[in-house]
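Chemist: So that we are looking at the same thing, I have put the structure below in structure tokens.
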Amino acid sequence: MRPLEILEKKYRGQLYEYLLESPAMILGERFKGGVFRPSSKVLRYSQITGALRAELGIQDIHAVGVIERFSIDFFIYSPQDKVAGRSKIPLMAEVLTDVRARVYIASTIDLPEELFLRIGALATKGFGESHLKLVRVIEVSELKKSIEETRRILREGGLPELATRLPLREEVYRGVFGISKIIKPIYCYMFYPTSPTTGYYELSLKEGSIVLAPSILIRKPEEIIHEGWEMSSIDSLVERIARDRRLRGIQFTSRELNDLAEIYERYGFTVAEIHLRRRIERTRNEQEQYKLRTLLNILNLIENSRIPRQIGAYIIRNLDIIARMRR
Amino acid sequence: MQGHDWSHVDEAHDIGKLFVKGVKHNLEDMLDELKRQGVREESPVIQSILKHHCTEDMQLYPDSYETLLVHLADILASQASRILRKLRERLRKLGTNHCVYKLWKGPLCNRDTPPLHNRYDMLINYLKRDPEGKRFLSIFRRHLLQRAEDARRGANITSLYSHSILSGKFFRLLYKYYFNEIRKMKIDFTSKEDVCSKANDILNKLSVTVTYLRIIPMQYIYRVKDLNVFEIIKDILSTFENNYRDHVLYRGFDDILIIDLPGANIHEELIRNAHDYGFYVDMHALYTTFQKDKNRVLGIEPRKIAKRFKMRECRGVKRDCFEDLYRYPPLQERIDPPICVICQLRPATMTWVDEESGLIEHLCEQCYRVRTYSPRRLYKLAEWSEGTVAWIRVSLDIEALEDALVKLYVRYLLELGIKNADEVVNDIEREEGIVSPTLLQEFLWDYSEFVKALGREISSLFQEDNVEMIDNSFYVVKIERPSTIVSLIESYNRLLWKRFPRLAALGDVEPIRFGISISHVKYPFHEHWRLLSSMRRGFLLYAHRRGIVEATYRELNATLRFYRSREVARRKRILYRAIEIAEYSKLLADAELLKHLRYVPRDVNLQLLRMLLEFER
């Protein structure tokens with residue numbers, strides 16, 4: 001079978017790319033016994049495909065997810081013995097919060113701009129609510145090109161690692177998702193349901209396997225540096241600001257940063273924006289204007305990242321230090 | 001030659017280097033005197049000493065199959081000759097130091113004569129008493145460890161001890177697997193020219209496989225009993241090493257580097273044993289000959305050797321090619337429930353009933369075998385039901401070690417005033433490689449001492465009841481005072497800089513990795529293991545819910561020094577604020593630290609600083 005052959009023939013040669021955002025989800029591993037239940041950091045095929053099948057009511061669909069960012073929190077719960085009506089030993093579940101992931105879907109039907117899914121464990125407690133927004137439709141030609149990009153990495157001595165889990169069914173991993181060669185597989189099993197109460201485990205490719213595949217399925221080392229390394233939305237915002245080249249060479253006075261931070265914290269984004277725009281209008285000095293515009297950009301970044309206002313104000317107050325961090 | 005045991009002869013072939021200054025260490029100038037003193041010329045040791053060289057300086061040469069093998073083993077085990085091929089002329093001007101210069105530490109001592117210079121009474125006494133060389137290593141160990149294989153400055157980077165041990169191994173391997181083949185070759189032993197030219201041809205023809213194997217457990221460990229996997233891995237590797245000592249170049253906690261010979265395929269035995277417990281094996285194998293176009297092939301990491309000799313990936317016949325793969329035990333395409341709860345890779349055919357809770361677990365045969373493996377139990381760990389523990393591991397990455405040793409050698413040459421040292425070393429790297437198994441061996445002894453010393457530090461920092469040793473490079477300790485972790489990190493840093501100062505100062509390559517992973521005792525072990533088995537930098541510190549930090553040797557050192565400086569001590573209270581901020585964002589916490597510190601020295605790692613503060617608060 002040629003790579004992407006099934007995608008071309010059956011799924012119109014397209015993969016839908018969605019941006020998934022979820023405030024909290026638990027992607028359970030099958031651990032038994034322990035009082036601590038870690039969450040998987042991978043949005044695997046069975047989980048996302050299962051959720052889509054349940055939501056859309058169609059069986060002929062394949063999807064994988066690649067998590068880009070998450071933070072970690074914990075949820076303590078105590079399952080009840082239904083007969084005795086008593087609680088058992090409390091369990092601590094690891095929760096991925098503020099999750100952002102890319103989801104790639106092969107579907108025979110047109111998919112909507114937005115989807116709402118429940119993914120993972122403890123859905124009854126509200127975990128796993130996910131919002132998926134269509135970003136783009138990737139054509140087969142682009143996927144083929146990106147396989148060549150991975151091939152280049154391999155030639156140069158790099159080891160491209162798979163970023164998700166896929167069943168070792170040729171029509172899926174090769175035909176739909178374009179894994180052309182499995183160089184060093186790490187195996188695992190994923191549950192394949194055959195009915196609501198039955199199913200079996202099928203041999204699968206685990207994340208970390210060395211593969212020749214489209215770059216969308218390959219781990220990007222700069223995004224998740226280490227397994228177990230979480231980056232909160234605040235961290236990623238601070239990192240982005242620290243790396244912003246526009247901030248280099250700008251001197252902020254502590255007074256102007258404190259004023260802006262206070263306005264933002266007390267009155268919110270709109271008032272802070274008006275404050276900055278007024279100052280831009282008033283000043284004739286180009287350098288000063290550039291500085292204020294940069295501040296306005298940062299303010300927009302903070303607002304768009306939807307972090308608590310107090311933290312946003314703290315970032316503004318310490319902007320000059322943050323800009324120094326990555327120098 | 002008949003009737004003599006040659007198995008330990010080779011180790012003693014360079015004994016002359018302990019007594020004689022100058023090139024004629026094969027004692028041919030002393031032969032008459034030796035015979036007068038009662039040393040028998042036909043004894044294997046004397047034969048191997050007199051006739052192990054093919055050089056113009058020496059008249060005697062290998063004139064039998066046995067002495068030819070000694071010569072071949074000497075070539076394979078020589079670290080110095082790799083260097084001298086390119087640098088002979090330049091090193092001539094630099095003089096000699098008969099003591100070893102350890103690339104990671106510096107010179108052991110300075111001597112312009114060998115350690116037993118002119119002590120011929122000792123030499124004669126030994127040669128008379130031990131004609132088969134069986135006691136050579138134990139009698140001369142101290143002197144052999146000090147004496148460089150080659151005394152020329154710039155080439156004196158390995159000891160005679162490592163050279164003797166390695167050449168002994170190579171001799172026995174050649175004797176065992178190739179003696180008959182070599183005997184079939186027509187060699188005119190009356191002609192020095194014929195013998196010496198054939199030596200190279202032989203090494204160009206003899207096949208060898210260099211194999212690196214790492215055993216990887218598939219089990220998700222969540223019960224103390226399942227930590228048996230490490231006991232099993234240790235036993236598999238040590239049994240293998242005991243059975244095939246001459247084949248083993250390196251053995252680590254879970255990995256091994258071996259020389260395999262066609263027909264022997266000893267690595268298959270190790271893989272079979274690993275599969276019996278459901279483990280899989282990461283295997284890098286290089287199928288080649290001992291020499292290629294007069295360049296010696298043996299190095300450390302098969303992947304690097306393959307790159308040096310531009311070898312392709314194996315397809316079909318395994319000759320002059322390289323293989324990099326995972327070797328799995330058989331796996332089914334589909335498994336009907338129940339699946340084994342520990343490895344989640346095989347059908348569960350056995351049941352395990354927990355004695356205390358009565359909980360039933362479904363296991364596969366292999367995982368059941370793991371649970372019931374050893375009577376040795378980690379009793380202390382099993383009893384710790386509350387509190388915080390730290391898993392501590394020190395490991396060695398031999399691929400990074402090879403890079404580090406090459407860099408350290410460049411530095412050594414630069415210190416000796418060799419211009420273009422970089423280029424010269426690159427030249428050697430392209431042909432034979434700087435790092436031979438002998439240099440690796442030399443490093444491993446020091447590394448092993450370092451690991452033991454670290455173990456002693458751990459035992460002294462934590463009470464006996466609070467320390468559980470999985471292996472001498474892997475511990476779990478119960479933490480009563482978090483500040484002990486800071487002391488542990490400081491101890492490690494001190495030991496590292498004391499025992500490997502030049503390596504630690506390198507900055508960009510870190511073959512020794514030290515990791516600490518801290519959590520509540522009930523936090524699952526495999527989460528710790530995931531971090532500690534894939535450390536990429538010199539130092540890793542993970543504290544559950546507090547963050548993770550990686551640091552280079554330099555960063556670790558600079559941060560610890562800064563942490564103990566007055567600059568930090570004076571502001572500790574304000575700096576503690578960063579710890580609260582870290583609950584929301586680790587990066588903002590770093591910014592908070594920067595805000596309050598007037599001067600942060602180069603290489604200080606703010607994340608690490610924050611975590612140290614947190615442990616001592």
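Chain labels follow the order of the structure tokens: the first chain is A, the next B, and so on; residue numbering restarts at 1 in every chain, and ligands are counted from 1 in their shown order.
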Using only C-alpha atoms, determine which residues of chain B fall within 6 Å of chain A; present them as an NGL selection string.
Modeler: :B and (325 or 333-336 or 523 or 585 or 587 or 591)
Chemist: Suppose we keep C-alpha atoms; can you now write the selection as an mmCIF file, in the first residue's frame?
Modeler:
data_model
loop_
_atom_site.group_PDB
_atom_site.id
_atom_site.type_symbol
_atom_site.label_atom_id
_atom_site.label_comp_id
_atom_site.auth_asym_id
_atom_site.auth_seq_id
_atom_site.Cartn_x
_atom_site.Cartn_y
_atom_site.Cartn_z
ATOM 1 C CA LEU B 325 16.587 -1.777 16.012
ATOM 2 C CA GLU B 333 -1.731 -8.616 16.588
ATOM 3 C CA ARG B 334 -4.760 -8.590 18.844
ATOM 4 C CA ILE B 335 -5.454 -9.581 22.404
ATOM 5 C CA ASP B 336 -8.822 -10.491 23.753
ATOM 6 C CA TYR B 523 3.427 8.463 43.158
ATOM 7 C CA SER B 585 4.124 30.225 36.328
ATOM 8 C CA LEU B 587 8.932 31.615 34.233
ATOM 9 C CA ALA B 591 11.550 36.877 36.616
#
Chemist: Residues within 9 Å of Tyr126 (chain B), please, as a VMD selection string. Count only C-alpha atoms; anything in the same chain fewer than 4 positions from it doesn't count.
Modeler: chain B and resid 121 to 122 130 to 131 136 139
Chemist: What separation in Å, quoted to one decimal, exists between CA of Tyr280 (chain B) and CA of Leu531 (chain B)?
Modeler: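 One can read the CA of Tyr280 (chain B) to CA of Leu531 (chain B) distance as 18.7 Å.
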Chemist: Which parts of region 177-327 of chain A does DSSP call helix (DSSP H, G or I) when run on the backbone here, written out as a ChimeraX atom specification?
Modeler: /A:215-217,233-243,245-247,254-267,269-282,286-304,309-317,319-325
Chemist: How would the residues just chosen look if you wrote them out with C-alpha atoms as a PDB file, in the first residue's frame?
Modeler:
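result.pdb, written as the output of this step:
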ATOM      1  CA  SER A 215       5.763  16.425   9.884  1.00  0.00           C
ATOM      2  CA  ILE A 216       2.390  17.047  11.572  1.00  0.00           C
ATOM      3  CA  LEU A 217       2.800  13.701  13.353  1.00  0.00           C
ATOM      4  CA  SER A 233      -0.578  29.224  29.292  1.00  0.00           C
ATOM      5  CA  ILE A 234       1.080  31.849  31.510  1.00  0.00           C
ATOM      6  CA  ASP A 235       4.476  30.264  30.907  1.00  0.00           C
ATOM      7  CA  SER A 236       3.992  30.182  27.175  1.00  0.00           C
ATOM      8  CA  LEU A 237       2.856  33.826  27.176  1.00  0.00           C
ATOM      9  CA  VAL A 238       5.884  34.884  29.250  1.00  0.00           C
ATOM     10  CA  GLU A 239       8.167  32.865  26.982  1.00  0.00           C
ATOM     11  CA  ARG A 240       6.680  34.575  23.940  1.00  0.00           C
ATOM     12  CA  ILE A 241       7.168  38.021  25.443  1.00  0.00           C
ATOM     13  CA  ALA A 242      10.703  37.207  26.576  1.00  0.00           C
ATOM     14  CA  ARG A 243      11.613  36.163  23.038  1.00  0.00           C
ATOM     15  CA  ARG A 245      12.679  40.997  19.480  1.00  0.00           C
ATOM     16  CA  ARG A 246      10.756  44.279  19.522  1.00  0.00           C
ATOM     17  CA  LEU A 247      11.360  44.587  23.238  1.00  0.00           C
ATOM     18  CA  SER A 254       9.031  51.626  36.278  1.00  0.00           C
ATOM     19  CA  ARG A 255       6.468  54.396  36.604  1.00  0.00           C
ATOM     20  CA  GLU A 256       4.940  53.879  33.162  1.00  0.00           C
ATOM     21  CA  LEU A 257       4.817  50.104  33.634  1.00  0.00           C
ATOM     22  CA  ASN A 258       3.304  50.409  37.105  1.00  0.00           C
ATOM     23  CA  ASP A 259       0.678  52.898  35.855  1.00  0.00           C
ATOM     24  CA  LEU A 260      -0.345  50.700  32.963  1.00  0.00           C
ATOM     25  CA  ALA A 261      -0.411  47.592  35.181  1.00  0.00           C
ATOM     26  CA  GLU A 262      -2.600  49.342  37.713  1.00  0.00           C
ATOM     27  CA  ILE A 263      -5.082  50.586  35.091  1.00  0.00           C
ATOM     28  CA  TYR A 264      -5.259  47.110  33.549  1.00  0.00           C
ATOM     29  CA  GLU A 265      -5.740  45.405  36.881  1.00  0.00           C
ATOM     30  CA  ARG A 266      -8.395  47.839  38.107  1.00  0.00           C
ATOM     31  CA  TYR A 267     -10.353  48.733  34.986  1.00  0.00           C
ATOM     32  CA  PHE A 269      -8.222  45.814  28.941  1.00  0.00           C
ATOM     33  CA  THR A 270     -10.376  48.466  27.213  1.00  0.00           C
ATOM     34  CA  VAL A 271      -9.442  51.271  29.595  1.00  0.00           C
ATOM     35  CA  ALA A 272      -5.762  50.278  29.479  1.00  0.00           C
ATOM     36  CA  GLU A 273      -5.916  50.266  25.676  1.00  0.00           C
ATOM     37  CA  ILE A 274      -7.511  53.732  25.602  1.00  0.00           C
ATOM     38  CA  HIS A 275      -4.839  54.961  27.993  1.00  0.00           C
ATOM     39  CA  LEU A 276      -2.081  53.766  25.688  1.00  0.00           C
ATOM     40  CA  ARG A 277      -3.715  55.028  22.476  1.00  0.00           C
ATOM     41  CA  ARG A 278      -4.113  58.474  23.972  1.00  0.00           C
ATOM     42  CA  ARG A 279      -0.471  58.559  24.864  1.00  0.00           C
ATOM     43  CA  ILE A 280       0.469  57.448  21.343  1.00  0.00           C
ATOM     44  CA  GLU A 281      -1.604  60.295  19.887  1.00  0.00           C
ATOM     45  CA  ARG A 282      -0.060  62.850  22.189  1.00  0.00           C
ATOM     46  CA  GLU A 286       9.001  58.394  17.103  1.00  0.00           C
ATOM     47  CA  GLN A 287      10.971  56.317  19.540  1.00  0.00           C
ATOM     48  CA  GLU A 288       8.370  56.921  22.226  1.00  0.00           C
ATOM     49  CA  GLN A 289       5.600  56.023  19.789  1.00  0.00           C
ATOM     50  CA  TYR A 290       7.363  52.770  18.915  1.00  0.00           C
ATOM     51  CA  LYS A 291       7.694  51.938  22.581  1.00  0.00           C
ATOM     52  CA  LEU A 292       4.002  52.602  23.269  1.00  0.00           C
ATOM     53  CA  ARG A 293       2.910  50.569  20.256  1.00  0.00           C
ATOM     54  CA  THR A 294       5.031  47.683  21.471  1.00  0.00           C
ATOM     55  CA  LEU A 295       3.341  47.986  24.855  1.00  0.00           C
ATOM     56  CA  LEU A 296      -0.033  47.952  23.133  1.00  0.00           C
ATOM     57  CA  ASN A 297       0.932  44.735  21.333  1.00  0.00           C
ATOM     58  CA  ILE A 298       1.978  43.122  24.584  1.00  0.00           C
ATOM     59  CA  LEU A 299      -1.286  44.224  26.172  1.00  0.00           C
ATOM     60  CA  ASN A 300      -3.176  42.549  23.331  1.00  0.00           C
ATOM     61  CA  LEU A 301      -1.162  39.368  23.789  1.00  0.00           C
ATOM     62  CA  ILE A 302      -1.989  39.317  27.490  1.00  0.00           C
ATOM     63  CA  GLU A 303      -5.673  39.894  26.861  1.00  0.00           C
ATOM     64  CA  ASN A 304      -5.870  37.219  24.149  1.00  0.00           C
ATOM     65  CA  ARG A 309      -6.023  39.994  35.260  1.00  0.00           C
ATOM     66  CA  GLN A 310      -3.775  40.119  38.319  1.00  0.00           C
ATOM     67  CA  ILE A 311      -1.224  37.926  36.592  1.00  0.00           C
ATOM     68  CA  GLY A 312      -1.478  40.081  33.457  1.00  0.00           C
ATOM     69  CA  ALA A 313      -0.758  43.154  35.570  1.00  0.00           C
ATOM     70  CA  TYR A 314       2.179  41.396  37.185  1.00  0.00           C
ATOM     71  CA  ILE A 315       3.608  40.651  33.747  1.00  0.00           C
ATOM     72  CA  ILE A 316       3.272  44.306  32.717  1.00  0.00           C
ATOM     73  CA  ARG A 317       4.968  45.480  35.905  1.00  0.00           C
ATOM     74  CA  LEU A 319       8.134  43.595  31.530  1.00  0.00           C
ATOM     75  CA  ASP A 320      11.681  44.923  31.544  1.00  0.00           C
ATOM     76  CA  ILE A 321      12.883  41.921  33.562  1.00  0.00           C
ATOM     77  CA  ILE A 322      10.994  39.444  31.392  1.00  0.00           C
ATOM     78  CA  ALA A 323      12.597  40.997  28.311  1.00  0.00           C
ATOM     79  CA  ARG A 324      16.010  40.511  29.934  1.00  0.00           C
ATOM     80  CA  MET A 325      15.432  36.823  30.691  1.00  0.00           C
TER      81      MET A 325
END
Chemist: Just give me the gap between CA of Pro437 (chain B) and CA of Ala264 (chain B) in Å, one decimal is fine.
Modeler: 20.6 Å
Chemist: Could you give me, as a list in words, the residues within 12 Å of Asp226 (chain B), counting only C-alpha atoms and dropping anything in the same chain fewer than 5 positions from it?
Modeler: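 Contacts, with the query itself left out: Pro217, Met218, Gln219, Tyr220, Ile221, Glu231, Ile232, Tyr277, Val341, Ile342, Cys343, Leu363, Gln366, Cys367, Tyr368, Arg369, Val370, Arg371, Thr372, Tyr373, Ser374, Arg376, Arg377, Leu378, Ala382, Ile470, Pro524, Phe525 and His526 of chain B.
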Chemist: Write the residues of the selection above to a file with C-alpha atoms, as a CSV table (one decimal), in the first residue's frame.
Modeler:
chain,number,residue,atom,x,y,z
B,217,PRO,CA,11.5,-3.3,30.7
B,218,MET,CA,8.0,-3.0,29.4
B,219,GLN,CA,6.4,-3.2,32.7
B,220,TYR,CA,4.5,-0.3,34.2
B,221,ILE,CA,5.8,-0.6,37.7
B,231,GLU,CA,17.3,-7.1,39.8
B,232,ILE,CA,16.6,-9.3,36.8
B,277,TYR,CA,10.8,-11.6,31.3
B,341,VAL,CA,-2.1,-5.2,33.9
B,342,ILE,CA,1.6,-4.7,34.3
B,343,CYS,CA,3.0,-4.7,30.8
B,363,LEU,CA,-0.8,-11.0,34.7
B,366,GLN,CA,6.4,-13.0,31.9
B,367,CYS,CA,5.2,-10.5,34.4
B,368,TYR,CA,4.3,-13.2,36.9
B,369,ARG,CA,7.9,-14.4,36.5
B,370,VAL,CA,9.0,-10.9,37.4
B,371,ARG,CA,6.9,-10.8,40.5
B,372,THR,CA,8.1,-14.1,41.8
B,373,TYR,CA,11.7,-13.7,40.8
B,374,SER,CA,13.7,-12.9,43.8
B,376,ARG,CA,15.3,-10.2,48.0
B,377,ARG,CA,12.7,-7.6,48.8
B,378,LEU,CA,12.9,-3.9,49.2
B,382,ALA,CA,7.5,-1.5,51.0
B,470,ILE,CA,18.2,-0.7,43.9
B,524,PRO,CA,3.9,5.8,40.5
B,525,PHE,CA,7.4,4.7,39.9
B,526,HIS,CA,7.2,4.5,36.2
Chemist: Which residue gives the smallest distance to Leu381 (chain B) among B:Arg172, B:Pro302, B:Gln441, B:Val467, with only C-alpha atoms counted?
Modeler: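 Under the stated criterion, the closest residue is B:Val467.
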